[in-house]
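Scroll down for the structure; my scribbles are underneath it.
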Amino acid sequence: MDSRLLDRALKMLKEREMEVYLAAGREEAVKKISEIIRSGPVALSSGEYIAGMGLEEMLRSRNIEVIATAGDSTASCSAGGGGCLARVLEGAAWGVTGAAAVAADTGSIVILEDGGNGHMVSALPPAHLVVAGTGSIVPTLEDALSLCRELSLKSLGRPLARHISIISGPSMTADIQGILVKGMHGPLEVHVVLVREGE
Amino acid sequence: MVGLEGGVMQPYKNVLKRRIESGFGDTTAGMYRSLLKAAFRIRTSGCLARWPHLAGQVREIKEKAASDLEGLLGRAVARMEENGFKVYRAGTNREALDYISGLVPGGLVIKSKSNAVKEIGLSRMLEEKGCRVIESDLGDRICQLGNIAPSHPVGPAIHVPVDRVAEIFSRHLDREVPADSAEIVKVVRKAFRRDFLNMDVGITGANAIAADTGSVVLTENEGNIRLITGLAPVHIIVAGIEKIVPTLEEAVKVVQTAAIYGAGQEIGSYITILTGPPEKSRPGGAPASLGPAEVHVVLLEQGRWEALRENFRETLYCINCGSCLFECPVYLQIGENYGGRYVGGIGVVHTHFRESHEKALESGLDLCINCLTCLDNCPLKINTPRYILKLRRKVGPGDRPLAGRLILNCLKAGPQGEGAAPLVRAAERFLGRKDGGSPGWRLRRPLAGVDCRRLFPSAMKRPFLAENPGYTLPGAGIRVAFFTGCLINLFCGEIGKSVLNLLRRLGVEAAVPRGQRCCAMPFLSAGDWDGTRAMITANIETFERDGADAVVTACATCGSTLREYSALLEDDPRWHGRAAAFSEKVADIAVFLSGLAGIKDYRGEFPLRVTYHDPCHLARGQGVREEPRQLLAGVPGLELAEMNDADACCGFGGAFSLEYYNLAGSIGAKKAAAAAGTGAGAVVTGCPGCIIHFRDVLQREGKELKVVHTVQILEKALIGS
């Protein structure tokens, strides 16, 4: 891992008013997250990265309610547009997602998905936590888009997956007399846990 | 109706006058526009330090897109359809409305901020159909519920006091909302969520469309667009075809540029890239992805092809960031009353193509002062002022106010408006009044479309050119010809004398060619193309005959216009080369003097505190900011105190200030205050137009400052009086 790239990413994410943490490995990442997330319900998006790190188990062991956003747990909802999952997500205190890429130059989190609900897990709850490996850091936003194209082609055989969310800070508005207030329609807080990998 | 008061009174003038009055009436909104102006300037320039090349790249992207819009549109539509979007190409806005009407039977519609949606008047149509339409941007929502006119494109409700906002939401939600912005946001967020979860249709625009991937790209800070795109059962995207760019990476550059120039942010909190509707429900299971079952993309074509055909190509580069507005002097005064559904000068041009010429007149085709601030601030460098002048050619000369027509006739009749001298002197004598101590005169009552508050300078007994017939000055080396301009010729001969005295003192051979005519700006400004062409060709011939190495001017507007000749005649193969050679020779007197060695031998100390006003057509028109300041700073003892917004327009605008004096006067009042705030004894500038207007507004505001031309200071310092 290029330490200058990592430093730049950390600096820019912080400049975008996100809380940033650097964990030495997955275990430490889970520990950090357990310190950040103190109560639920927590909505987990369906990425492999999150599934592989034992996050759900940690949360359940602490009696924090977990909302899985893909698969059976939402099957009983009759979906129509916003649907039932949206109502469930509306009740969540946290949304946790992965990231396909982190762009250092703009300080952006890039979520790429063709199915799944990362786009709403990162939009509806008042707090959003992103877990990503330092390997997903790329120098520029343009590089991040190239990576999205590459990943789409590899896993879907199409030029681009259906949905990309580029997140560069909390939701905010300055519409009332120019005073900045966070959390207008989206998360008030964005926490980014970067996990060092393979070092 | 033909009357002395207004010439031919066009119906649009009444509409325009009402809009100006209504803009003036809302002083709180005006104050906030000024506050935001300062904030944006700082924030945007901070971003530009990190992203210096982005805007230039986006200009190239848009040039490329517009050069093959048809092909690009075809590719984008094919790709989007492949991705599962339902694409509708609307040849007219009526077609767009009919198509959308067929999609929306009724119910709850939530929309985000979108110029394209505004352009077709969609909200009104849906409301008339019985839909409940909710604006989801907080500022827009405040305006919608409070029935408040927006003050600013980025912060439409920025001028509404927090207790009024609390009152609006208390009434709407039927509960006590505290007058605190954070509390209001908390309460409103919650209330909005109910609506988002129950919405039937969501409507957004698009900041850009990528042809290669068939993606729609949207940016925002609040998160309302994300909720619409993720929760609406049916999502309708409305966008002009000019939003299409070749690639995804380019589309993201466009939205980032919009954030930098529109909100002073390096990047918006959210960029959403949609490449087709979400995956459909699996049989018997839950939907794989939240989001609409149908996504429609309605592409607006109305007026776009015409703009391309009539060579208004750059107007299609507009990314709607609003940067052109923030410092526009007319916009700062009257807000969204300037422009149509698209705001400001570029809005007037869009209105012409996308609605009608009559609407463009009502939206303020007359009001642009040609100060070039919008061009300067535009990331794409869209030359809106030039387009406005071009559109004015569609207004017949007979539709101009009488005073304007008289001026043009005098300028046509002889060298540098010479024929106007007796007329102006007669007007002063028979129709004018002189206030005690004022440096000029005013009309006793409004006449011929001229406001009676306008302070006119007295015309000289003999015009400058008549006084210096065929003036030539021997000297060594370079030979220059002096282009006087009509104002120096008729009113400010002392400036001309200073120019000649300085040139003589510095050993430059100078001539004042007798056959010179008006620079053509008054004709351009009035939309009189025949007159423009006649002036330009006459000047080129005169100065070619004279054969001088350089043509110097002491009028910023003349200089800037003369240097534009090449661009103005670019479609005329017979004249273009000659025009280019002429334009190349033109230099402002400050630039010319700066290059001379003798400019150092001053006669002594000149303990005077002055402030310098940048004329629009010098600073922006010719890129001359440093030279006059350096010349002044070189004068021993002279102290140069910078005023705030030294390069903001003074409000003169030639005939503009005759007809729209209330606007010209209030724009000037700000300058008067800024100049007086420096404690200077004199305002120094490089344009006789600015000098005349400054004297007027300073007198009106009761400020005692003198107003002089840079060359007058230099003459005193180098030669003495």
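Lettering and numbering for the structure tokens are positional, with chains as A, B, ... in the shown order, residues counted from 1 in each chain, and ligands counted from 1 in the shown order.
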
Please report, as a tab-separated table, each residue of chain B lying at most 8 Å from chain A, together with the nearest pair of atoms and the separation in Å rounded to one decimal; use only C-alpha atoms, and order rows by chain and ascending residue number.
```
residue	atom	partner	partner_atom	distance
B:Leu138	CA	A:Asp175	CA	6.4
B:Gly139	CA	A:Asp175	CA	5.1
B:Gly155	CA	A:Asp175	CA	5.3
B:Pro156	CA	A:Asp175	CA	7.3
B:Ala157	CA	A:Asp175	CA	6.2
B:Ile158	CA	A:Gln177	CA	4.6
B:His159	CA	A:Gln177	CA	6.1
B:Val160	CA	A:Gln177	CA	6.8
B:Pro161	CA	A:Gln177	CA	6.6
B:Val162	CA	A:Ile176	CA	6.5
B:Val165	CA	A:Ile176	CA	7.7
B:Ser181	CA	A:Ile176	CA	6.3
B:Ala182	CA	A:Val181	CA	5.9
B:Val185	CA	A:Met184	CA	6.0
B:Lys186	CA	A:Met184	CA	7.4
B:Arg189	CA	A:His185	CA	5.8
B:Leu197	CA	A:Gly82	CA	5.8
B:Asn198	CA	A:Gly82	CA	7.6
B:Thr213	CA	A:Pro159	CA	6.6
B:Asn221	CA	A:Met172	CA	5.5
B:Glu222	CA	A:Ser171	CA	4.9
B:Gly223	CA	A:His185	CA	4.9
B:Asn224	CA	A:His185	CA	5.5
B:Arg226	CA	A:Ala123	CA	6.9
B:Leu227	CA	A:Ala123	CA	7.1
B:Gly230	CA	A:Met120	CA	6.5
B:Leu231	CA	A:Gly82	CA	4.2
B:Ala232	CA	A:Gly81	CA	5.6
B:Pro233	CA	A:Gly81	CA	3.8
B:Val234	CA	A:Gly81	CA	7.5
B:Leu248	CA	A:Leu145	CA	8.0
B:Glu249	CA	A:Glu142	CA	6.1
B:Glu266	CA	A:Thr106	CA	7.3
B:Ile267	CA	A:Thr106	CA	7.0
B:Gly268	CA	A:Ser168	CA	6.7
B:Ser269	CA	A:Ser168	CA	4.5
B:Tyr270	CA	A:Ile167	CA	4.9
B:Ile271	CA	A:Ile166	CA	4.9
B:Thr272	CA	A:Ser165	CA	4.9
B:Ile273	CA	A:Ile164	CA	5.0
B:Leu274	CA	A:His163	CA	5.1
B:Thr275	CA	A:Arg162	CA	4.4
B:Gly276	CA	A:Arg162	CA	5.5
B:Pro277	CA	A:Arg162	CA	7.0
B:Pro278	CA	A:Arg162	CA	6.5
B:Glu279	CA	A:Gly115	CA	5.9
B:Gly285	CA	A:Ala75	CA	5.9
B:Ala286	CA	A:Ala75	CA	4.9
B:Pro287	CA	A:Ala79	CA	7.0
B:Ala288	CA	A:Gly115	CA	5.4
B:Ser289	CA	A:Gly116	CA	4.8
B:Leu290	CA	A:Asn117	CA	6.3
B:Gly291	CA	A:Gly81	CA	6.0
B:Pro292	CA	A:Gly81	CA	5.6
B:Ala293	CA	A:Gly81	CA	6.8
```

task = Give the strand (DSSP E) residues of chain A, as DSSP finds them on the backbone, and put them as a ChimeraX atom specification.
result = /A:19-23,42-44,66-68,94-97,101-103,108-113,127-133,137-138,163-167,172-173,181-182,189-195

inquiry  = Please determine, counting only C-alpha atoms, which residue among A:Lys31, A:Val190, A:Leu5, A:Leu151 has the shortest atom-to-atom distance to Val138 (chain A).
reply    =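 Among the listed residues, A:Leu5 lies closest to Val138 (chain A).
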
request  = Might you pull out every residue within 12 Å of region 592-598 of chain B, with only C-alpha atoms counted and same-chain residues fewer than 5 positions away left off, and present them as number ranges by chain?
outcome  = B: 477-482, 499-500, 502-508, 549-554, 585-587, 624, 626-634, 710-711, 714-715, 718-719

query = Which parts of chain A does DSSP call alpha helix (DSSP H) when run on the backbone here, written out as a PyMOL selection string?
reply = chain A and resi 3-15+26-36+48-51+55-61+83-90+118-121+141-156

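Considering the residues B:Gly404, B:Gly25, B:Gly623, B:Gly679 and counting only C-alpha atoms, Leu640 (chain B) has its shortest atom-to-atom contact with B:Gly679.
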